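Undergrad: Here it is: the structure, laid out below.
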Amino acid sequence: MSFLTIAFAALFYAATLLLVVGLVRRIMLYWKTPAPLKIPTTPAPVTQSGVVMRMFREVVFFESLFKSTKWTWLFGWVFHMALFAVLFRHLRYFTDIQWLMAIVAFVSPLFKYLAFAMIIGLLGLLGRRLFVDRVRYISAPSDYLMLLLLLLIGISGAMTTFVAHTDVVVVKQFFRSLMYFNFGDMPNLPTDPFILVHLFLVALLMIIFPVSKLLHAPGVFFSPTRNQVDNPREQRHVADWARKLEQ
Amino acid sequence: MAKADFEIPELKEYPEVPKVVPGTMAHSQPFIAKPEFQEPLGFPGELPEDWHDKAISAMGDLLGKYRSLQVYLDSCVKCGACTDKCHYYLGTKDPKNMPVGRQDLLRKVYRRYFTFAGKYFPKLVGAEDLTKEVLDDWYSYFHQCSQCRRCSVFCPYGIDTAEISMAAREIMDRIGVGQKYCNEIIGKVYKIGNNLGLPEAALADTLEGLEEDVEEDTGVAVKYPLDVKGADILLVTPSADFFAEPHVDGLIGYGKVFHEAGVSWTLSSKASEAANFGMFIGSYENMRRVSMRIREAALELGVKRIIFGECGHAWRVAYSFLNTLAGPFDFLDPKYPVPQHILEFTWNEIQKGTLNIDKSANDDMVLTFHDSCNVARASRMGPEPGGQFKIPRNVIKAVCNNFYDMAPETIHEKTFCCGGGGGLLTDDLMELRVKGAKPRMEALKNVIEEHGVTNMAAICAICKSQFTKVLPYYGLDMDMIVSVHQLVSNAIILTGQTSEDDDDESADDAA
């Protein structure tokens, strides 16, 4: 195995470990922190199934953002949806499940162009950060870097498909060997720069995910204003620390 | 127009989002609470030597107690969706009044002391040490938030600046930096029973006076009872209803509705206040202590139901928190929700046909309705989501012939705050109150010009007081604010009524 291949293998193990441990710890923290009072933003659903629907609309359609600013919604939504479509395509590197691969193969010819939608969405978000004075005011360096990181991931990834084809069979074999700790069959990674940049930046994104604003992804599910049922007159809702005040 | 030593914003036909002008409101700070008003609330009297460490440890404590705070401090992506949504930003142009700008005052300190990125790469993620300057900024700008939650409607993660500003105020209280207005009022509630410090004798006197006035006007002996044991209903209403205009006209209305409905009811001298300023300062303990008075009063008087009068944040605390803070209310009649809003009661009676209503009694007015923020975005009326928008309008339309809503993006859950909520209804914040009212004034002015609206009905004691004070700054008449139950009161023809309601008197007022 080449040094480069070993380095990338180590990098991806480290990145995966940090991502999983970091996210699990954060989610446990959100889970365990009590929500002592009912604070849904009303009008709110009065049933649990209503809350599931509200959350679904929020996560899939970005309902609140749509109410807020149409073009932020447009760029943000296009970026996220394209990202998920492109990620779905990436399943082919990790699994051989027949029916899943059939779907991936079916959508692939179309989905691969969504890389451009993703890049356009990100450029829109970057433009808004640069040109709207209110958004420029609230932006920290990390906000720009995060967009640049995602843009470079998108562009380098698109390059491997549309400009200089990477040997995806080898890449797949590399990740399958990583997944099953099967180092005997691990091939050397292709050395073309686009794939190496792409992989390096993806590992970087995985590492910073649990310590960055990307925590909005799990956070939205724990947001009391969105995930609570509007039933405080019907049910008492007392947190453990608050119950102690009653004694 | 009232005198002012600051610039009064110009009202535009189409609201404009201003360019940011940093620091326009940095000077705005409410008076600090004196030690004797801090201590009864369980807070230190003044800033101690080790305030820095105490503040950080208070932040840690609150992070462990409130999921909202923990999740909201982590989740913001700085998308900007909230930046043009706060009435205080729209009115003052100060970017620290953008919801995200305000949150970041706390978030940058949270990042510095509680997150990996902020500890090791503070510049990169905008983390900062807690310094005296930062604390001063907190004191300025967390007292420029009315906790109206308009930002939380538009945030893709539901981040609610009210939660952040409550936490910030609690941290400040815990290091002896309290706000005079809120903390003095909570102290008065503990000592005398209501925000205004009206003692029992004064209450009894006021209510007697009301009975005389109503009887003189109508010839009917409507009772305004105090501390009546065994009454069915305990009415808890903001103390402003006992003497301020137009609040008291609302109280007269509640009494007429109860009288016609034939129910027995009472006010309580112990729980002579619906407002709960414990919420404004983010203090669960104080909010609970204020709430417990109502439970105790209900038990002592042996009532079967609890009904709240017209007050926005009081209704939030009542609807959303009372059961949690002071419950369970299993000693009350389970047929009724605990508590109920007076509008739920009145709307129910209107539907039953108990009330004899003459809509033409309000023909001298063309009305619009101001949704109060805490009612609109933090509570409900009736069984259906959105009942808090429909029921007040249904009641208004049932007692008035002329009603027009303001523009859709300024009502219902998108309603603009009056500018005086959240513990800011104090003279030392007048500039903020006037500027913060701008978006509401714009919407009001438009509906005046389009539909000839003459009056705006409100269902919150703070809204009513705030509008009475700020309308003149915008060249409008302070008397144009009315209580919803004032309209009901005008239109009810009491059983056995001998004369038209106070037509003569209002003619005198006009002259």
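Residue numbering restarts at 1 for every chain of the structure tokens, chains are lettered A, B, ... in their displayed order, and ligands are numbered from 1 as they appear.
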Using DSSP secondary structure from the backbone, list all helix (DSSP H, G or I) positions within region 92-214 of chain A, as a PyMOL selection string.

TA: chain A and resi 92-93+98-111+114-131+133-138+141-162+168-179+183-185+193-211+213-214

Undergrad: Can you check which residues of chain B have any atom within 6 Å of chain A? Use only C-alpha atoms and format it as a list in words.

TA: Gly64, Lys65, Tyr66, Arg67, Val71, Ser75, Val77, Gly80, Ala81, Leu124, Val125, Gly126, Phe154, Cys155, Pro156, Tyr157, Gly158, Ser320, Asn323, Thr324, Val338, Arg377, Ala378, Pro385 and Gly386 of chain B

Undergrad: I'd like the neighbourhood of Met118 (chain A) as a count of residues only, where a residue qualifies if any of its atoms comes within 10 Å (using only C-alpha atoms), though same-chain residues fewer than 4 positions away should be ignored.

TA: 21

Undergrad: Run DSSP on the backbone of this structure and report the residues of region 287-494 of chain B it assigns to strand (DSSP E or B), as a PyMOL selection string.

TA: chain B and resi 305-308+340-341+357+367-370+403+455-458+481-483+492

Undergrad: Go through A:Leu23, A:Leu178, A:Leu126, A:Ile103 and flag the residue nearest Cys79 (chain B), using only C-alpha atoms for the distances.

TA: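 The shortest atom-to-atom distance to Cys79 (chain B) comes from A:Leu126.
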
Undergrad: Write out as a list in words which residues come within 9 Å of Leu73 (chain B) when counting only C-alpha atoms, dropping same-chain ones fewer than 6 positions away.

TA: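 So, after excluding close chain neighbours, the residues are Gln103, Asp104, Leu106, Arg107, Tyr110, Arg111, Ile159 and Ile164 of chain B.
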
Undergrad: Take the residues from that selection and write them out as a PDB file, in the first residue's frame, keeping N, CA, C and O atoms.

TA:
ATOM      1  N   GLN B 103     -28.863  37.491  20.238  1.00  0.00           N
ATOM      2  CA  GLN B 103     -28.459  36.163  20.735  1.00  0.00           C
ATOM      3  C   GLN B 103     -26.945  36.030  20.787  1.00  0.00           C
ATOM      4  O   GLN B 103     -26.400  35.418  21.704  1.00  0.00           O
ATOM      5  N   ASP B 104     -26.282  36.599  19.778  1.00  0.00           N
ATOM      6  CA  ASP B 104     -24.827  36.429  19.708  1.00  0.00           C
ATOM      7  C   ASP B 104     -24.099  37.070  20.884  1.00  0.00           C
ATOM      8  O   ASP B 104     -22.979  36.667  21.212  1.00  0.00           O
ATOM      9  N   LEU B 106     -24.870  36.676  23.867  1.00  0.00           N
ATOM     10  CA  LEU B 106     -24.734  35.569  24.818  1.00  0.00           C
ATOM     11  C   LEU B 106     -23.946  34.416  24.194  1.00  0.00           C
ATOM     12  O   LEU B 106     -23.117  33.779  24.840  1.00  0.00           O
ATOM     13  N   ARG B 107     -24.212  34.195  22.889  1.00  0.00           N
ATOM     14  CA  ARG B 107     -23.608  33.044  22.218  1.00  0.00           C
ATOM     15  C   ARG B 107     -22.093  33.131  22.180  1.00  0.00           C
ATOM     16  O   ARG B 107     -21.404  32.123  22.342  1.00  0.00           O
ATOM     17  N   TYR B 110     -20.912  32.004  25.451  1.00  0.00           N
ATOM     18  CA  TYR B 110     -21.125  30.553  25.540  1.00  0.00           C
ATOM     19  C   TYR B 110     -20.032  29.817  24.771  1.00  0.00           C
ATOM     20  O   TYR B 110     -19.411  28.879  25.274  1.00  0.00           O
ATOM     21  N   ARG B 111     -19.773  30.243  23.565  1.00  0.00           N
ATOM     22  CA  ARG B 111     -18.765  29.571  22.744  1.00  0.00           C
ATOM     23  C   ARG B 111     -17.404  29.571  23.425  1.00  0.00           C
ATOM     24  O   ARG B 111     -16.706  28.568  23.441  1.00  0.00           O
ATOM     25  N   ILE B 159     -35.422  28.916  16.755  1.00  0.00           N
ATOM     26  CA  ILE B 159     -34.667  29.579  17.822  1.00  0.00           C
ATOM     27  C   ILE B 159     -35.470  30.785  18.322  1.00  0.00           C
ATOM     28  O   ILE B 159     -35.908  31.615  17.535  1.00  0.00           O
ATOM     29  N   ILE B 164     -33.443  33.123  25.073  1.00  0.00           N
ATOM     30  CA  ILE B 164     -32.071  33.593  25.271  1.00  0.00           C
ATOM     31  C   ILE B 164     -32.076  34.823  26.176  1.00  0.00           C
ATOM     32  O   ILE B 164     -31.258  34.941  27.095  1.00  0.00           O
TER      33      ILE B 164
END

Undergrad: Just want the 9 Å neighbourhood of Leu41 (chain B), counted on only C-alpha atoms, with same-chain residues fewer than 2 positions away dropped. Output as a PyMOL selection string.

TA: chain B and resi 37-39+43-44+183+186-187+285-286

Undergrad: Within 9 Å of Cys400 (chain B), counting only C-alpha atoms, which residues show up once you throw out same-chain ones fewer than 3 positions away? Write them as number ranges by chain, please.

TA: B: 358-363, 365-367, 395-397, 403, 487-488, 491

Undergrad: Leaving out region 423-433 of chain B and any residue of its chain fewer than 6 positions from it, which residues lie within 10 Å of it when counting only C-alpha atoms, given as an MDAnalysis selection string?

TA: chainID B and resid 4:8 25 28:31 88 91:92 143:147 179:183 185 277:281 462:463 465:467 469:470

Undergrad: Grab the CA of Met28 (chain A) to CA of Tyr72 (chain B) distance for me, in Å with one decimal place.

TA: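 Computing the Euclidean distance for CA of Met28 (chain A) and CA of Tyr72 (chain B) yields 15.6 Å.
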
Undergrad: Between CA of Gly255 (chain B) and CA of Ser268 (chain B), what is the distance in Å, rounded to a tenth?

TA: 14.3 Å

Undergrad: Between CA of Arg169 (chain B) and CA of Cys373 (chain B), measure the distance and give it in Å to one decimal.

TA: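 Value for the CA of Arg169 (chain B)-CA of Cys373 (chain B) distance: 19.8 Å.
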
Undergrad: For His90 (chain A), which residue among A:Val171, A:Val52, A:Leu201, A:Ala164 is the nearest when counting only C-alpha atoms?

TA: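 Between A:Val171, A:Val52, A:Leu201, A:Ala164, the residue approaching His90 (chain A) most closely is A:Val171.
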